[in-house]
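Down below is the structure, laid out as structure tokens.
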Amino acid sequence: MSKVLLVDDDSLFTDATSELIKLLGHTVEIASTAQDANQRLNNEHFDVLMLDIMLPDGNGFDILHNLSAESRPPKVAFITGHSAIKSMVNSIAGPGVSYLLKPIDLASIEALLSEPEDATDSNAHFGVLVGESPVIKKVYNYIERVAPTRANVMIMGESGTGKELVAQAIHNASKCSGAMVAANCGAFSPELLSSELFGHEKGSFTGATSRKIGLFEQAKGGTLFLDEVTEMPIDMQPTLLRVLETGMLRRVGGTEDIPIDCRVISATNRSRDQLATEQCLREDIYFRLAVFPIDLPPLRNRGNDVSLLADYFVAHFNKEQQRNIVLTDDVKQRLIDYNWPGNIRELRHTLYRAFILTDSTTNTLSLPQEFSSPFAESTTSQNALTAGTTIQEMERQLITVTLEQVDGDKPTAAKMLGISLKTLYNRLNQYE
Amino acid sequence: MPELTQQQSQSEFRHTVRNHLNNISVHAELAKLLASKNAEGAAQLTACIDKILSECKLCAQSISKTDSN
């Protein structure tokens with residue numbers, strides 16, 4: 001989301017354009033004079049500045065000149081009726097400044113506001129994902145393969161592993177025309193969830209004072225992301241199954257069947273075993289939603305990605321807080337050594353806290369003596385020893401996890417496990 | 001549209017018309033976006049607004065051709 005300052009003395013234009021910008025999910029303020037614009041720019045930071053050249057008390061170039069002292073200058077676009085102004089803008093203001101040609105259309109505003117804010121994001125895979133470990137590269141490969149198709153995807157992974165970002169990555173890579181719309185299936189009562197997903201007609205129930213377009217319809221031409229899909233009430237699942245099977249939905253209280261046109265990406269933090277044993281998701285709906293399942297690895301299996309993610313987050317905090325904090329190799333090693341039961345969410349939380357606590361006189365991030373989440377014990381116990389598990393079973397799990405971490409590289413896995421390659425092959429043969 | 005006097009230069013005239021076209025354009029875009037959020041009958045309305053937007057652009061292009069004159 002960008003914070004925009006729109007500077008123009010034509011209130012008809014600024015009223016409509018500010019509404020457009022808000023509908024696109026950004027915040028906007030309006031200034032009708034150069035003086036007003038300068039005051040606002042002195043008092044607060046804006047990400048984007050849309051500037052009319054001719055203003056009642058000056059011109060847009062004067063405002064641009066006053067910006068040069070800012071450490072984080074906003075992205076600037078001049079509003080002009082002349083395409084020839086581009087070369088003039090470039091010669092006066094430099095190549096980093098763009099322009100919006102009248103009559104301005106939605107696409108040009110969207111393009112201006114959706115450009116990556118900095119190099120940090122453009123370095124991320126699919127614009128949102130960070131990491132180079134073998135296990136995450138496998139996920140990138142899956143994303144590339146599934147993106148051009150219309151297959152429904154189910155993302156499975158522990159809490160905090162970034163399932164919604166993977167959904168966003170698939171959406172970005174698919175280059176579809178519609179938006180990605182997200183819903184948390186665990187956040188609504190069954191009645192409300194039906195209304196959220198499928199919409200309702202006016203008067204269909206008490207409080208339905210107007211027609212509501214559901215998320216399936218809002219995601220037309222794009223992606224519907226169903227987070228925590230296994231929390232969806234079991235008696236509501238047949239309705240969702242019918243929609244997925246027929247490609248048609250009926251709004252609550254409606255009589256008309258409406259075609260749907262979106263890919264459904266769902267996510268759950270339950271394992272495949274839990275899906276089967278806890279019966280939180282009907283088998284038939286699983287096969288509809290998980291046409292292409294993706295297992296997202298926990299952070300503890302991603303090796304040096306911890307360091308890359310830490311750099312990414314600290315760069316983001318530095319930009320946000322206008323500081324220049326760096327991570328030393330010792331700090332990175334401590335981060336890598338911890339097992340992060342809360343995954344990337346916990347890493348970000350820990351770094352942010354440390355960033356806030358870092359003394360302003362030093363530029364080095366200092367970590368607390370201990371960083372453990374209150375959930376660490378319960379989460380790790382799920383992955384650690386459980387009474388009643390056989391030694392053979394523990395050995396099998398250990399070998400499986402190690403092989404996953406090294407992307408199936410058996411010599412490396414054998415070395416990590418402290419066994420010979422021959423022994424590893426023998427064990428794998430036994431498991432088959 | 002404000003009445004234009006003979007004293008106004010062609011340049012001022014083009015500037016004024018461009019601003020009106022721009023206001024038509026952004027209001028049409030706003031209407032289109034609002035319509036798309038309420039699917040009922042939106043396709044027809046969107047097609048109609050697309051025509052307005054297209055005409056705006058053609059009009060602006062025609063004015064631009066006179067810039068060099």
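Labels for the structure tokens follow display order: chains A, B, ..., residues from 1 in each chain, ligands from 1.
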
Proximal residues of chain B relative to chain A (only C-alpha atoms; 9 Å) as a list in words: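 Here they are: His15, Arg18, Asn19, His20, Leu21, Asn22, Asn23, Ile24, Ser25, Val26, His27, Ala28, Glu29, Leu30, Leu33, Leu34, Ser36, Lys37, Asn38, Ala39, Leu53, Cys56, Lys57, Ala60, Ser64 and Asp67 of chain B.
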
Go through A:Asn152, A:Gln322, A:Asn363, A:Gln369 and flag the residue nearest A:Phe287, using only C-alpha atoms for the distances.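 Of all the options, A:Asn152 lies closest to A:Phe287.
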
Quick one, how far is atom CA of A:Leu309 from atom CA of A:Ala169?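 Atom CA of A:Ala169 lies at a distance of 16.4 Å from atom CA of A:Leu309.
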
Enumerate, as a ChimeraX atom specification, the complete set of residues in chain B that a backbone-based DSSP assignment places in alpha helix (DSSP H). /B:10-36,42-65

Which of these, B:Val17, B:Ala43, B:Cys48, B:Glu12, has the shortest distance to B:Gln61 once you count only C-alpha atoms? B:Val17

Can you check which residues of stretch 190-232 of chain A DSSP gives as strand (DSSP E or B) on the backbone and send them as a PyMOL selection string? chain A and resi 200+212+222-227

Keeping N, CA and C atoms for every residue in the selection just given, could you write it to a file as a short mmCIF file (atom, residue, chain, number, x, y, z; two decimals), in the first residue's frame?
```cif
data_model
loop_
_atom_site.label_atom_id
_atom_site.label_comp_id
_atom_site.auth_asym_id
_atom_site.auth_seq_id
_atom_site.Cartn_x
_atom_site.Cartn_y
_atom_site.Cartn_z
N HIS A 200 -24.79 -12.76 -0.91
CA HIS A 200 -26.20 -12.97 -0.58
C HIS A 200 -27.08 -11.94 -1.28
N LYS A 212 -24.96 -8.58 -1.57
CA LYS A 212 -23.51 -8.64 -1.32
C LYS A 212 -22.88 -9.58 -2.34
N GLY A 222 -9.14 -14.03 -11.36
CA GLY A 222 -7.95 -14.02 -10.51
C GLY A 222 -7.85 -15.24 -9.61
N THR A 223 -7.55 -15.00 -8.34
CA THR A 223 -7.29 -16.09 -7.40
C THR A 223 -8.08 -15.89 -6.11
N LEU A 224 -8.70 -16.96 -5.65
CA LEU A 224 -9.33 -16.93 -4.33
C LEU A 224 -8.46 -17.73 -3.38
N PHE A 225 -7.97 -17.08 -2.32
CA PHE A 225 -7.11 -17.77 -1.36
C PHE A 225 -7.92 -18.10 -0.11
N LEU A 226 -8.08 -19.38 0.15
CA LEU A 226 -8.83 -19.84 1.33
C LEU A 226 -7.83 -20.30 2.40
N ASP A 227 -7.57 -19.41 3.34
CA ASP A 227 -6.62 -19.74 4.39
C ASP A 227 -7.33 -20.58 5.46
#
```

Please identify all polymer residues within 9 Å of A:Leu327, counting only C-alpha atoms, omitting same-chain residues fewer than 6 positions from it, and present them as a list in words.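 In the requested format, the answer is Ala310, Asp311, Val314, Asn363, Thr364, Leu365 and Ser366 of chain A.
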
As a CSV table (one decimal) with N, CA and C atoms, in the first residue's frame, please: the residues near stretch 58-64 of chain A (cut-off 8 Å, only C-alpha atoms, same-chain neighbours under 5 positions excluded).
```csv
chain,number,residue,atom,x,y,z
A,33,THR,N,-2.5,23.7,-3.7
A,33,THR,CA,-1.5,24.7,-4.0
A,33,THR,C,-0.1,24.2,-3.7
A,34,ALA,N,0.9,24.9,-4.3
A,34,ALA,CA,2.3,24.5,-4.0
A,34,ALA,C,2.6,24.6,-2.6
A,37,ALA,N,1.2,21.8,-0.6
A,37,ALA,CA,2.0,20.6,-0.9
A,37,ALA,C,3.3,20.6,-0.1
A,38,ASN,N,3.9,21.7,-0.1
A,38,ASN,CA,5.2,21.8,0.6
A,38,ASN,C,5.1,21.6,2.1
A,51,LEU,N,1.9,15.2,-9.4
A,51,LEU,CA,2.1,16.7,-9.4
A,51,LEU,C,1.6,17.3,-10.7
A,52,ASP,N,0.7,18.3,-10.5
A,52,ASP,CA,0.3,19.1,-11.7
A,52,ASP,C,1.5,20.1,-11.9
A,53,ILE,N,1.8,20.4,-13.1
A,53,ILE,CA,2.9,21.3,-13.4
A,53,ILE,C,2.5,22.7,-13.0
A,78,PHE,N,4.6,13.6,-12.9
A,78,PHE,CA,4.0,14.8,-13.3
A,78,PHE,C,2.7,14.5,-14.1
A,93,ALA,N,14.1,17.3,-14.2
A,93,ALA,CA,14.0,16.6,-13.0
A,93,ALA,C,14.8,15.3,-12.9
```

Computed interatomic separation between atom CA of A:Val406 and atom CA of A:Gly303 (Å):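 Calculated distance between atom CA of A:Val406 and atom CA of A:Gly303 is 9.3 Å.
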
Which residue out of A:Cys185, A:Val28, A:Ile399, A:Met1 has the minimum interatomic distance to A:Leu240 when only C-alpha atoms are used?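 Among the listed residues, A:Cys185 lies closest to A:Leu240.
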
Please determine, counting only C-alpha atoms, which residue among A:Gly178, A:Thr239, A:Thr246, A:Leu193 has the shortest atom-to-atom distance to A:Gly221.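 Using only C-alpha atoms, the shortest distance to A:Gly221 belongs to A:Gly178.
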
Taking 4 positions as the minimum chain separation for residues in the same chain, which residues sit within 9 Å of A:Glu231 when counting only C-alpha atoms? Answer as a list in words.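 The filter keeps Asn184, Cys185, Gly186, Ala187, Asp227, Thr268, Cys280 and Leu281 of chain A.
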
From the options B:Arg14, B:Ser9, B:Ile49, B:Ala35, which residue's atoms come nearest to B:Lys65, counting only C-alpha atoms?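 The closest residue to B:Lys65 is B:Arg14.
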